[in-house]
Each structure stands twice: as C-alpha cells, then as structure tokens.
file data.pdb (PDB, C-alpha atoms)
ATOM      1  CA  MET A  63      70.812 125.233  89.951
ATOM      2  CA  ASN A  64      72.497 122.190  88.380
ATOM      3  CA  ASN A  65      74.641 120.368  90.934
ATOM      4  CA  ARG A  66      74.900 117.098  89.041
ATOM      5  CA  PRO A  67      78.473 115.777  89.325
ATOM      6  CA  VAL A  68      80.543 115.432  86.165
ATOM      7  CA  PHE A  69      82.257 112.066  85.734
ATOM      8  CA  ASN A  70      85.061 110.973  83.447
ATOM      9  CA  ILE A  71      83.474 107.942  81.777
ATOM     10  CA  GLU A  72      86.764 106.817  80.219
ATOM     11  CA  GLU A  73      88.370 106.575  83.659
ATOM     12  CA  VAL A  74      85.296 104.841  85.075
ATOM     13  CA  ASN A  75      85.424 102.226  82.305
ATOM     14  CA  LYS A  76      89.172 101.845  82.711
ATOM     15  CA  ILE A  77      89.123 101.165  86.442
ATOM     16  CA  ILE A  78      86.168  98.759  86.252
ATOM     17  CA  ARG A  79      87.601  96.763  83.362
ATOM     18  CA  ASN A  80      91.144  96.634  84.739
ATOM     19  CA  ARG A  81      90.360  95.724  88.335
ATOM     20  CA  ARG A  82      92.126  92.459  89.126
ATOM     21  CA  SER A  83      92.604  90.074  92.021
ATOM     22  CA  GLN A  84      96.175  89.522  93.132
ATOM     23  CA  PHE A  85      96.920  86.851  95.694
ATOM     24  CA  VAL A  86      99.384  86.225  98.524
ATOM     25  CA  ALA A  87     102.056  84.961  96.114
ATOM     26  CA  GLN A  88     101.984  88.384  94.414
ATOM     27  CA  PHE A  89     102.241  90.358  97.670
ATOM     28  CA  LYS A  90     105.218  92.489  98.621
ATOM     29  CA  GLU A  91     105.833  91.620 102.246
ATOM     30  CA  ASP A  92     106.994  93.888 105.081
ATOM     31  CA  ASP A  93     105.999  97.103 103.266
ATOM     32  CA  PRO A  94     102.641  98.171 104.739
ATOM     33  CA  VAL A  95     100.019 100.176 102.870
ATOM     34  CA  ASP A  96      99.289 103.583 104.406
ATOM     35  CA  ASP A  97      96.251 103.453 106.713
ATOM     36  CA  ARG A  98      94.866 106.531 104.922
ATOM     37  CA  ILE A  99      94.402 104.463 101.768
ATOM     38  CA  ILE A 100      92.601 101.762 103.745
ATOM     39  CA  MET A 101      90.349 104.445 105.237
ATOM     40  CA  GLU A 102      89.605 105.738 101.744
ATOM     41  CA  MET A 103      88.675 102.202 100.664
ATOM     42  CA  LEU A 104      86.350 101.844 103.650
ATOM     43  CA  GLU A 105      84.764 105.251 103.060
ATOM     44  CA  ASN A 106      84.041 104.280  99.450
ATOM     45  CA  ALA A 107      82.614 100.968 100.659
ATOM     46  CA  ASN A 108      80.223 102.952 102.817
ATOM     47  CA  TRP A 109      78.647 104.490  99.681
ATOM     48  CA  ALA A 110      77.437 101.198  98.222
ATOM     49  CA  PRO A 111      73.740 100.918  97.306
ATOM     50  CA  THR A 112      71.593  99.786 100.232
ATOM     51  CA  HIS A 113      67.840  99.126 100.236
ATOM     52  CA  LYS A 114      66.036 100.969 103.049
ATOM     53  CA  LEU A 115      69.443 102.401 104.016
ATOM     54  CA  THR A 116      70.198  99.421 106.239
ATOM     55  CA  GLU A 117      73.930  99.749 105.443
ATOM     56  CA  PRO A 118      74.543  96.097 106.435
ATOM     57  CA  TRP A 119      78.302  96.031 105.836
ATOM     58  CA  ARG A 120      80.569  95.637 108.837
ATOM     59  CA  PHE A 121      84.360  95.533 108.651
ATOM     60  CA  VAL A 122      87.097  94.517 111.080
ATOM     61  CA  VAL A 123      90.529  95.674 109.923
ATOM     62  CA  PHE A 124      93.587  93.676 110.979
ATOM     63  CA  SER A 125      97.045  95.232 110.587
ATOM     64  CA  GLY A 126     100.363  95.178 112.408
ATOM     65  CA  GLU A 127     100.165  92.848 115.412
ATOM     66  CA  GLY A 128      96.484  92.402 114.639
ATOM     67  CA  LEU A 129      97.443  90.147 111.719
ATOM     68  CA  GLN A 130      99.142  87.811 114.189
ATOM     69  CA  ARG A 131      95.991  87.768 116.298
ATOM     70  CA  LEU A 132      93.890  86.804 113.267
ATOM     71  CA  ALA A 133      96.405  84.145 112.240
ATOM     72  CA  GLU A 134      96.410  82.578 115.699
ATOM     73  CA  PHE A 135      92.621  82.658 115.899
ATOM     74  CA  GLN A 136      91.936  80.991 112.567
ATOM     75  CA  SER A 137      94.735  78.411 112.803
ATOM     76  CA  GLY A 138      93.715  77.523 116.365
ATOM     77  CA  LEU A 139      90.062  77.159 115.435
ATOM     78  CA  TYR A 140      90.984  75.107 112.368
ATOM     79  CA  LYS A 141      93.075  72.768 114.537
ATOM     80  CA  GLU A 142      90.269  72.379 117.065
ATOM     81  CA  ARG A 143      87.628  71.659 114.411
ATOM     82  CA  SER A 144      89.755  69.383 112.234
ATOM     83  CA  GLU A 145      91.132  67.290 115.090
ATOM     84  CA  LYS A 146      87.596  66.764 116.368
ATOM     85  CA  ALA A 147      86.603  65.571 112.878
ATOM     86  CA  GLY A 148      89.798  63.505 112.496
ATOM     87  CA  LYS A 149      90.836  65.501 109.414
ATOM     88  CA  PHE A 150      93.736  67.667 110.588
ATOM     89  CA  ILE A 151      96.145  68.634 107.781
ATOM     90  CA  GLU A 152      99.429  70.220 108.836
ATOM     91  CA  ALA A 153      99.840  72.162 105.565
ATOM     92  CA  THR A 154      96.408  73.760 105.970
ATOM     93  CA  TYR A 155      97.171  74.691 109.558
ATOM     94  CA  THR A 156     100.458  76.292 108.461
ATOM     95  CA  LYS A 157      98.727  78.252 105.707
ATOM     96  CA  PHE A 158      96.148  79.605 108.163
ATOM     97  CA  LYS A 159      98.966  80.619 110.507
ATOM     98  CA  GLU A 160     101.357  82.160 107.958
ATOM     99  CA  ASN A 161      99.322  83.698 105.108
ATOM    100  CA  PRO A 162      97.796  86.566 107.126
ATOM    101  CA  LEU A 163     101.293  87.747 108.047
ATOM    102  CA  LYS A 164     102.113  88.247 104.357
ATOM    103  CA  ALA A 165      99.409  90.888 103.896
ATOM    104  CA  SER A 166      99.535  94.550 104.836
ATOM    105  CA  HIS A 167      95.898  94.653 105.961
ATOM    106  CA  ILE A 168      93.128  92.064 106.110
ATOM    107  CA  ILE A 169      89.555  93.298 106.292
ATOM    108  CA  ALA A 170      86.999  90.836 107.655
ATOM    109  CA  ILE A 171      83.713  91.310 105.791
ATOM    110  CA  GLY A 172      80.487  91.009 107.753
ATOM    111  CA  MET A 173      76.811  91.371 106.917
ATOM    112  CA  LYS A 174      74.825  92.748 109.864
ATOM    113  CA  ARG A 175      71.208  91.678 109.576
ATOM    114  CA  ASP A 176      68.510  94.260 110.418
ATOM    115  CA  LEU A 177      65.530  91.967 110.913
ATOM    116  CA  ARG A 178      63.188  94.927 111.488
ATOM    117  CA  ALA A 179      63.780  96.089 107.917
ATOM    118  CA  ASN A 180      62.150  92.870 106.672
ATOM    119  CA  LEU A 181      64.425  92.644 103.641
ATOM    120  CA  PRO A 182      65.344  89.449 101.775
ATOM    121  CA  GLU A 183      68.737  88.211 102.923
ATOM    122  CA  MET A 184      69.899  88.261  99.295
ATOM    123  CA  GLU A 185      69.529  92.055  99.164
ATOM    124  CA  GLU A 186      71.751  92.515 102.192
ATOM    125  CA  ILE A 187      74.364  90.116 100.829
ATOM    126  CA  ALA A 188      74.286  92.030  97.536
ATOM    127  CA  ALA A 189      74.748  95.357  99.341
ATOM    128  CA  VAL A 190      77.836  94.076 101.169
ATOM    129  CA  SER A 191      79.191  92.637  97.918
ATOM    130  CA  MET A 192      78.862  96.032  96.243
ATOM    131  CA  ALA A 193      80.658  97.624  99.193
ATOM    132  CA  VAL A 194      83.508  95.164  98.665
ATOM    133  CA  GLN A 195      83.576  96.009  94.944
ATOM    134  CA  ASN A 196      84.027  99.665  95.904
ATOM    135  CA  MET A 197      87.042  98.648  98.001
ATOM    136  CA  TYR A 198      88.356  96.532  95.125
ATOM    137  CA  LEU A 199      88.133  99.443  92.685
ATOM    138  CA  THR A 200      89.781 101.844  95.113
ATOM    139  CA  ALA A 201      92.619  99.396  95.785
ATOM    140  CA  SER A 202      93.184  98.961  92.049
ATOM    141  CA  ALA A 203      93.169 102.733  91.520
ATOM    142  CA  HIS A 204      96.039 102.915  94.031
ATOM    143  CA  GLY A 205      97.893 100.097  92.240
ATOM    144  CA  LEU A 206      97.520  97.723  95.174
ATOM    145  CA  ALA A 207      97.301  93.944  95.197
ATOM    146  CA  ALA A 208      94.035  92.762  96.711
ATOM    147  CA  TYR A 209      91.585  89.890  96.714
ATOM    148  CA  TRP A 210      88.397  88.739  98.407
ATOM    149  CA  GLY A 211      88.703  85.226  99.806
ATOM    150  CA  THR A 212      86.163  83.011 101.577
ATOM    151  CA  GLY A 213      88.593  80.555 103.102
ATOM    152  CA  GLY A 214      89.482  80.033 106.740
ATOM    153  CA  PRO A 215      86.695  80.607 109.252
ATOM    154  CA  THR A 216      84.248  82.230 106.797
ATOM    155  CA  PHE A 217      81.658  79.459 107.101
ATOM    156  CA  TRP A 218      82.397  78.368 110.667
ATOM    157  CA  PRO A 219      79.424  79.524 112.799
ATOM    158  CA  GLU A 220      81.474  79.607 116.002
ATOM    159  CA  ALA A 221      83.833  82.174 114.437
ATOM    160  CA  LYS A 222      81.197  84.908 114.101
ATOM    161  CA  SER A 223      81.547  86.349 117.599
ATOM    162  CA  PHE A 224      85.286  86.970 117.092
ATOM    163  CA  PHE A 225      84.315  89.432 114.352
ATOM    164  CA  GLY A 226      81.509  91.096 116.307
ATOM    165  CA  LEU A 227      78.715  89.254 114.524
ATOM    166  CA  GLU A 228      75.553  87.678 115.930
ATOM    167  CA  GLU A 229      73.928  84.380 114.991
ATOM    168  CA  GLU A 230      71.636  85.981 112.372
ATOM    169  CA  ASP A 231      74.559  87.859 110.771
ATOM    170  CA  MET A 232      76.932  86.504 108.155
ATOM    171  CA  LEU A 233      80.706  86.398 107.847
ATOM    172  CA  MET A 234      81.338  86.858 104.125
ATOM    173  CA  GLY A 235      85.094  86.385 103.940
ATOM    174  CA  PHE A 236      88.235  88.455 104.019
ATOM    175  CA  PHE A 237      89.667  91.211 101.837
ATOM    176  CA  TYR A 238      93.456  90.936 101.679
ATOM    177  CA  VAL A 239      95.427  94.070 100.761
ATOM    178  CA  ALA A 240      99.150  94.584 100.116
ATOM    179  CA  LYS A 241     101.555  96.335  97.812
ATOM    180  CA  PRO A 242     102.297  94.183  94.750
ATOM    181  CA  ALA A 243     105.681  92.506  94.488
ATOM    182  CA  THR A 244     106.075  93.648  90.853
ATOM    183  CA  ASP A 245     104.683  96.280  88.494
ATOM    184  CA  ARG A 246     103.286  93.582  86.232
ATOM    185  CA  TRP A 247      99.505  94.000  86.306
ATOM    186  CA  PRO A 248      97.458  90.834  85.670
ATOM    187  CA  GLU A 249      95.587  90.600  82.379
ATOM    188  CA  GLY A 250      91.872  89.933  82.462
ATOM    189  CA  ARG A 251      89.723  87.495  80.508
ATOM    190  CA  ARG A 252      85.986  87.675  79.939
ATOM    191  CA  LYS A 253      83.723  85.978  77.435
ATOM    192  CA  PRO A 254      81.715  88.434  75.281
ATOM    193  CA  ILE A 255      78.799  90.133  77.029
ATOM    194  CA  SER A 256      76.693  89.246  73.982
ATOM    195  CA  ASP A 257      76.808  85.606  75.137
ATOM    196  CA  LYS A 258      75.122  86.567  78.412
ATOM    197  CA  VAL A 259      72.446  89.087  77.422
ATOM    198  CA  THR A 260      68.995  88.666  75.923
ATOM    199  CA  TRP A 261      67.264  91.791  74.596
ATOM    200  CA  VAL A 262      63.478  92.004  74.663
ATOM    201  CA  ARG A 263      62.427  94.935  72.467
ATOM    202  CA  GLU A 264      58.807  94.123  71.606
TER     203      GLU A 264
END
call {"tool": "encode", "arguments": {"input": "data.pdb", "output": "structure tokens"}}
result
Amino acid sequence: MNNRPVFNIEEVNKIIRNRRSQFVAQFKEDDPVDDRIIMEMLENANWAPTHKLTEPWRFVVFSGEGLQRLAEFQSGLYKERSEKAGKFIEATYTKFKENPLKASHIIAIGMKRDLRANLPEMEEIAAVSMAVQNMYLTASAHGLAAYWGTGGPTFWPEAKSFFGLEEEDMLMGFFYVAKPATDRWPEGRRKPISDKVTWVRE
C-alpha cells in the first residue's frame, strides 16, 4: 500500500521563495490575529526535524494583556541593567515598552537543552531555527506580517527564568506576528545560488 503524501511542488517553491519579514512599522495595530492561526503555526513548528527526537523548541505566547506584561518586563530589566552600567537611553527604554503593544502576538523562542541526549548544542539550535522557519512559512501563507528578532532580553542571562528556561537553556529571540498594514508584499533579494555552491562530481 502506497501512503506517500502527494505535494504540490509549485506551491512549496512559491511559499519558500516569497516568505518575507515584515517589521513593527508594517504592522496593523489593534486588529488581532485569530488564535487558531497561531496554534496552526505552533503545530507546524512542532514538526521540525529533531535529532534523537529531543524536540528542544519551547514557546511562550504573549497576546492581549500578556503583551503589556512582556513590555513591562523587558523595559524594566533594560532600565535596571543600563542604569547599573551607566548607559541608560530613554529612546531604547521607550521602544522596549511600546513595540510589543503594536503586535498581535509575540512568541518567545526557547531552546530546552536535554543534556542526557549528548547532542552538540548546534544541532539543538538548528532544530529550533527550523521550527521557527515553519512558523514563518505558515504566517506568510496566511498573509501575515511577521519577523524573528533577537533584541531586548534575548542575551540577558537573568531573563531566562521569566520564559521558563534554565541556565543551560537558551533564549533565542522573539517572533512578532500581526496583520500587515497594507496589501503590499515586500520583494525579496538573493544573490544567485551558483555563487554559493561547489559541486564535487569526481
């Protein structure tokens, strides 16, 4: 019995090659994305490749009042850290406090380390990255504006616990999702693949 799925390669090529990042300035505010679409994105993320089936991706989804909670957390932590270092910038503080409120959903991206699996950290980072790509493609298929950013508390060790992560885990940034403010889809640019590939045939 042949149960191999049949794919539409033209649609696969189309979605991969037309996936684009769209940023806060392109977001349509105060018009939330349906949670069912976010759940579909997360379900597709869950089917990313994973060595030894460690499934290291972890996500915390902020929406509604949760966006305010994230905004207060990251702006407060920024203020604490920057004042201690004598490098507080008001504009940065304001951005940390206001930008999350412009999104429909923000998904914190975590990598949960399974030390018993004895896998190179790079493989687990790659698995989470592929999970995020699955979310990216799903968001694009729904015509949504989305981007993966590593600003804010991404690299602040003391922020990990807020997102349910332990010391050996990694916070890998935030996936912002919203409806786009316009129907104008960004154009992509890539240098030819021939510039980046070497064939060894003999």
call {"tool": "resolve_selection", "arguments": {"input": "data.pdb", "expression": "the PyMOL selection byres ((chain A and resi 124) around 12)", "output": "ChimeraX atom specification"}}
result
/A:94,97,100,121-123,125-133,162-163,165-171,225,236-239
call {"tool": "resolve_selection", "arguments": {"input": "data.pdb", "expression": "the PyMOL selection byres ((chain A and resi 187) around 9)", "output": "NGL selection string"}}
result
:A and (118-119 or 173 or 183-186 or 188-192 or 232 or 234)
call {"tool": "closest_residue", "arguments": {"input": "data.pdb", "among": "A:Asn64, A:Ser223, A:Asn70, A:Asn196", "to": "Ala107 of chain A", "atoms": "all atoms listed in the file"}}
result
A:Asn196
call {"tool": "closest_residue", "arguments": {"input": "data.pdb", "among": "A:Val194, A:Ala179, A:Ala208, A:Leu199", "to": "Thr116 of chain A", "atoms": "only C-alpha atoms"}}
result
A:Ala179
call {"tool": "closest_residue", "arguments": {"input": "data.pdb", "among": "A:Glu105, A:Glu264, A:Glu220, A:Glu134", "to": "Asn161 of chain A", "atoms": "only C-alpha atoms"}}
result
A:Glu134
call {"tool": "residues_around", "arguments": {"input": "data.pdb", "residues": "Lys76 of chain A", "least_positions_apart": "5", "cutoff": "10 Å", "atoms": "all atoms listed in the file", "output": "list of chain:residue names"}}
result
A:Ile71, A:Arg81, A:Ala203
call {"tool": "axis_aligned_box", "arguments": {"input": "data.pdb", "around": "segment 101-120 of chain A", "padding_each_side": "5 Å", "output": "AutoDock Vina command-line options"}}
result
--center_x 78.2 --center_y 100.7 --center_z 103.1 --size_x 34.3 --size_y 20.1 --size_z 21.5
call {"tool": "closest_residue", "arguments": {"input": "data.pdb", "among": "A:Pro219, A:Ala207, A:Pro111, A:Gly213", "to": "Thr154 of chain A", "atoms": "all atoms listed in the file"}}
result
A:Gly213
call {"tool": "atom_distance", "arguments": {"input": "data.pdb", "atom1": "atom CA of Gly211 of chain A", "atom2": "atom CA of Phe85 of chain A"}}
result
9.3 Å
call {"tool": "resolve_selection", "arguments": {"input": "data.pdb", "expression": "the PyMOL selection byres ((chain A and resi 138) around 12)", "output": "JSON, numbers by chain"}}
result
{"A": [130, 131, 132, 133, 134, 135, 136, 137, 139, 140, 141, 142, 143, 144, 145, 150, 152, 154, 155, 156, 157, 158, 159, 214, 215, 221]}
call {"tool": "atom_distance", "arguments": {"input": "data.pdb", "atom1": "atom CA of Lys164 of chain A", "atom2": "atom CA of Thr244 of chain A"}}
result
15.1 Å
call {"tool": "closest_residue", "arguments": {"input": "data.pdb", "among": "A:Leu104, A:Ala240, A:Leu181, A:Gly235", "to": "Met197 of chain A", "atoms": "only C-alpha atoms"}}
result
A:Leu104
call {"tool": "closest_residue", "arguments": {"input": "data.pdb", "among": "A:Ala110, A:Met101, A:Ala201, A:Ile151", "to": "Ile77 of chain A", "atoms": "all atoms listed in the file"}}
result
A:Ala201
call {"tool": "atom_distance", "arguments": {"input": "data.pdb", "atom1": "atom CA of Trp218 of chain A", "atom2": "atom CA of Arg82 of chain A"}}
result
27.5 Å
call {"tool": "decode", "arguments": {"input": "data.pdb", "residues": "segment 69-103 of chain A", "atoms": "N, CA and C atoms", "output": "PDB file, in the first residue's frame"}}
result
ATOM      1  N   PHE A  69       2.614  16.124  -2.776  1.00  0.00           N
ATOM      2  CA  PHE A  69       2.807  17.547  -2.529  1.00  0.00           C
ATOM      3  C   PHE A  69       2.698  18.330  -3.828  1.00  0.00           C
ATOM      4  N   ASN A  70       2.322  19.592  -3.701  1.00  0.00           N
ATOM      5  CA  ASN A  70       2.295  20.495  -4.838  1.00  0.00           C
ATOM      6  C   ASN A  70       3.606  21.288  -4.822  1.00  0.00           C
ATOM      7  N   ILE A  71       4.570  20.858  -5.646  1.00  0.00           N
ATOM      8  CA  ILE A  71       5.904  21.450  -5.581  1.00  0.00           C
ATOM      9  C   ILE A  71       5.892  22.926  -5.967  1.00  0.00           C
ATOM     10  N   GLU A  72       4.982  23.320  -6.864  1.00  0.00           N
ATOM     11  CA  GLU A  72       4.912  24.736  -7.237  1.00  0.00           C
ATOM     12  C   GLU A  72       4.529  25.600  -6.033  1.00  0.00           C
ATOM     13  N   GLU A  73       3.580  25.123  -5.239  1.00  0.00           N
ATOM     14  CA  GLU A  73       3.171  25.876  -4.052  1.00  0.00           C
ATOM     15  C   GLU A  73       4.268  25.875  -2.987  1.00  0.00           C
ATOM     16  N   VAL A  74       4.968  24.743  -2.873  1.00  0.00           N
ATOM     17  CA  VAL A  74       6.081  24.673  -1.921  1.00  0.00           C
ATOM     18  C   VAL A  74       7.143  25.698  -2.299  1.00  0.00           C
ATOM     19  N   ASN A  75       7.536  25.714  -3.563  1.00  0.00           N
ATOM     20  CA  ASN A  75       8.535  26.688  -4.029  1.00  0.00           C
ATOM     21  C   ASN A  75       8.062  28.121  -3.811  1.00  0.00           C
ATOM     22  N   LYS A  76       6.788  28.339  -4.106  1.00  0.00           N
ATOM     23  CA  LYS A  76       6.227  29.693  -4.009  1.00  0.00           C
ATOM     24  C   LYS A  76       6.279  30.219  -2.574  1.00  0.00           C
ATOM     25  N   ILE A  77       5.865  29.405  -1.618  1.00  0.00           N
ATOM     26  CA  ILE A  77       5.818  29.883  -0.243  1.00  0.00           C
ATOM     27  C   ILE A  77       7.223  30.082   0.316  1.00  0.00           C
ATOM     28  N   ILE A  78       8.158  29.178  -0.032  1.00  0.00           N
ATOM     29  CA  ILE A  78       9.523  29.317   0.472  1.00  0.00           C
ATOM     30  C   ILE A  78      10.183  30.573  -0.101  1.00  0.00           C
ATOM     31  N   ARG A  79      10.002  30.786  -1.392  1.00  0.00           N
ATOM     32  CA  ARG A  79      10.705  31.892  -2.051  1.00  0.00           C
ATOM     33  C   ARG A  79      10.048  33.246  -1.827  1.00  0.00           C
ATOM     34  N   ASN A  80       8.810  33.253  -1.358  1.00  0.00           N
ATOM     35  CA  ASN A  80       8.115  34.517  -1.123  1.00  0.00           C
ATOM     36  C   ASN A  80       7.898  34.836   0.356  1.00  0.00           C
ATOM     37  N   ARG A  81       8.449  33.999   1.227  1.00  0.00           N
ATOM     38  CA  ARG A  81       8.388  34.325   2.654  1.00  0.00           C
ATOM     39  C   ARG A  81       9.206  35.592   2.898  1.00  0.00           C
ATOM     40  N   ARG A  82       8.651  36.511   3.661  1.00  0.00           N
ATOM     41  CA  ARG A  82       9.338  37.768   3.933  1.00  0.00           C
ATOM     42  C   ARG A  82       9.154  38.181   5.401  1.00  0.00           C
ATOM     43  N   SER A  83      10.148  38.901   5.897  1.00  0.00           N
ATOM     44  CA  SER A  83       9.997  39.541   7.209  1.00  0.00           C
ATOM     45  C   SER A  83       9.306  40.887   7.028  1.00  0.00           C
ATOM     46  N   GLN A  84       8.370  41.166   7.917  1.00  0.00           N
ATOM     47  CA  GLN A  84       7.753  42.486   7.970  1.00  0.00           C
ATOM     48  C   GLN A  84       7.801  42.946   9.423  1.00  0.00           C
ATOM     49  N   PHE A  85       8.181  44.187   9.628  1.00  0.00           N
ATOM     50  CA  PHE A  85       8.519  44.668  10.954  1.00  0.00           C
ATOM     51  C   PHE A  85       7.412  45.536  11.551  1.00  0.00           C
ATOM     52  N   VAL A  86       7.659  46.012  12.771  1.00  0.00           N
ATOM     53  CA  VAL A  86       6.634  46.738  13.531  1.00  0.00           C
ATOM     54  C   VAL A  86       6.034  47.890  12.730  1.00  0.00           C
ATOM     55  N   ALA A  87       6.862  48.576  11.954  1.00  0.00           N
ATOM     56  CA  ALA A  87       6.359  49.711  11.157  1.00  0.00           C
ATOM     57  C   ALA A  87       5.334  49.272  10.114  1.00  0.00           C
ATOM     58  N   GLN A  88       5.352  47.994   9.749  1.00  0.00           N
ATOM     59  CA  GLN A  88       4.402  47.471   8.756  1.00  0.00           C
ATOM     60  C   GLN A  88       3.184  46.807   9.407  1.00  0.00           C
ATOM     61  N   PHE A  89       3.116  46.818  10.734  1.00  0.00           N
ATOM     62  CA  PHE A  89       2.028  46.140  11.431  1.00  0.00           C
ATOM     63  C   PHE A  89       0.742  46.960  11.423  1.00  0.00           C
ATOM     64  N   LYS A  90      -0.371  46.261  11.301  1.00  0.00           N
ATOM     65  CA  LYS A  90      -1.684  46.860  11.511  1.00  0.00           C
ATOM     66  C   LYS A  90      -2.022  46.678  12.989  1.00  0.00           C
ATOM     67  N   GLU A  91      -2.161  47.753  13.691  1.00  0.00           N
ATOM     68  CA  GLU A  91      -2.372  47.674  15.136  1.00  0.00           C
ATOM     69  C   GLU A  91      -3.848  47.518  15.486  1.00  0.00           C
ATOM     70  N   ASP A  92      -4.088  46.977  16.673  1.00  0.00           N
ATOM     71  CA  ASP A  92      -5.447  46.841  17.228  1.00  0.00           C
ATOM     72  C   ASP A  92      -6.374  46.003  16.351  1.00  0.00           C
ATOM     73  N   ASP A  93      -5.824  44.993  15.690  1.00  0.00           N
ATOM     74  CA  ASP A  93      -6.618  44.064  14.875  1.00  0.00           C
ATOM     75  C   ASP A  93      -5.992  42.682  15.023  1.00  0.00           C
ATOM     76  N   PRO A  94      -6.245  42.003  16.143  1.00  0.00           N
ATOM     77  CA  PRO A  94      -5.520  40.773  16.470  1.00  0.00           C
ATOM     78  C   PRO A  94      -5.732  39.634  15.461  1.00  0.00           C
ATOM     79  N   VAL A  95      -4.693  38.838  15.319  1.00  0.00           N
ATOM     80  CA  VAL A  95      -4.746  37.604  14.534  1.00  0.00           C
ATOM     81  C   VAL A  95      -5.503  36.560  15.349  1.00  0.00           C
ATOM     82  N   ASP A  96      -6.292  35.741  14.671  1.00  0.00           N
ATOM     83  CA  ASP A  96      -7.056  34.689  15.347  1.00  0.00           C
ATOM     84  C   ASP A  96      -6.090  33.700  16.012  1.00  0.00           C
ATOM     85  N   ASP A  97      -6.366  33.350  17.260  1.00  0.00           N
ATOM     86  CA  ASP A  97      -5.527  32.385  17.977  1.00  0.00           C
ATOM     87  C   ASP A  97      -5.406  31.059  17.239  1.00  0.00           C
ATOM     88  N   ARG A  98      -6.405  30.690  16.448  1.00  0.00           N
ATOM     89  CA  ARG A  98      -6.350  29.409  15.726  1.00  0.00           C
ATOM     90  C   ARG A  98      -5.212  29.394  14.720  1.00  0.00           C
ATOM     91  N   ILE A  99      -4.923  30.562  14.131  1.00  0.00           N
ATOM     92  CA  ILE A  99      -3.799  30.643  13.195  1.00  0.00           C
ATOM     93  C   ILE A  99      -2.484  30.497  13.950  1.00  0.00           C
ATOM     94  N   ILE A 100      -2.388  31.125  15.111  1.00  0.00           N
ATOM     95  CA  ILE A 100      -1.183  30.995  15.931  1.00  0.00           C
ATOM     96  C   ILE A 100      -0.985  29.537  16.338  1.00  0.00           C
ATOM     97  N   MET A 101      -2.064  28.858  16.684  1.00  0.00           N
ATOM     98  CA  MET A 101      -1.964  27.442  17.048  1.00  0.00           C
ATOM     99  C   MET A 101      -1.501  26.602  15.859  1.00  0.00           C
ATOM    100  N   GLU A 102      -1.968  26.949  14.676  1.00  0.00           N
ATOM    101  CA  GLU A 102      -1.524  26.239  13.472  1.00  0.00           C
ATOM    102  C   GLU A 102      -0.028  26.462  13.248  1.00  0.00           C
ATOM    103  N   MET A 103       0.435  27.684  13.446  1.00  0.00           N
ATOM    104  CA  MET A 103       1.862  27.983  13.332  1.00  0.00           C
ATOM    105  C   MET A 103       2.670  27.152  14.315  1.00  0.00           C
TER     106      MET A 103
END
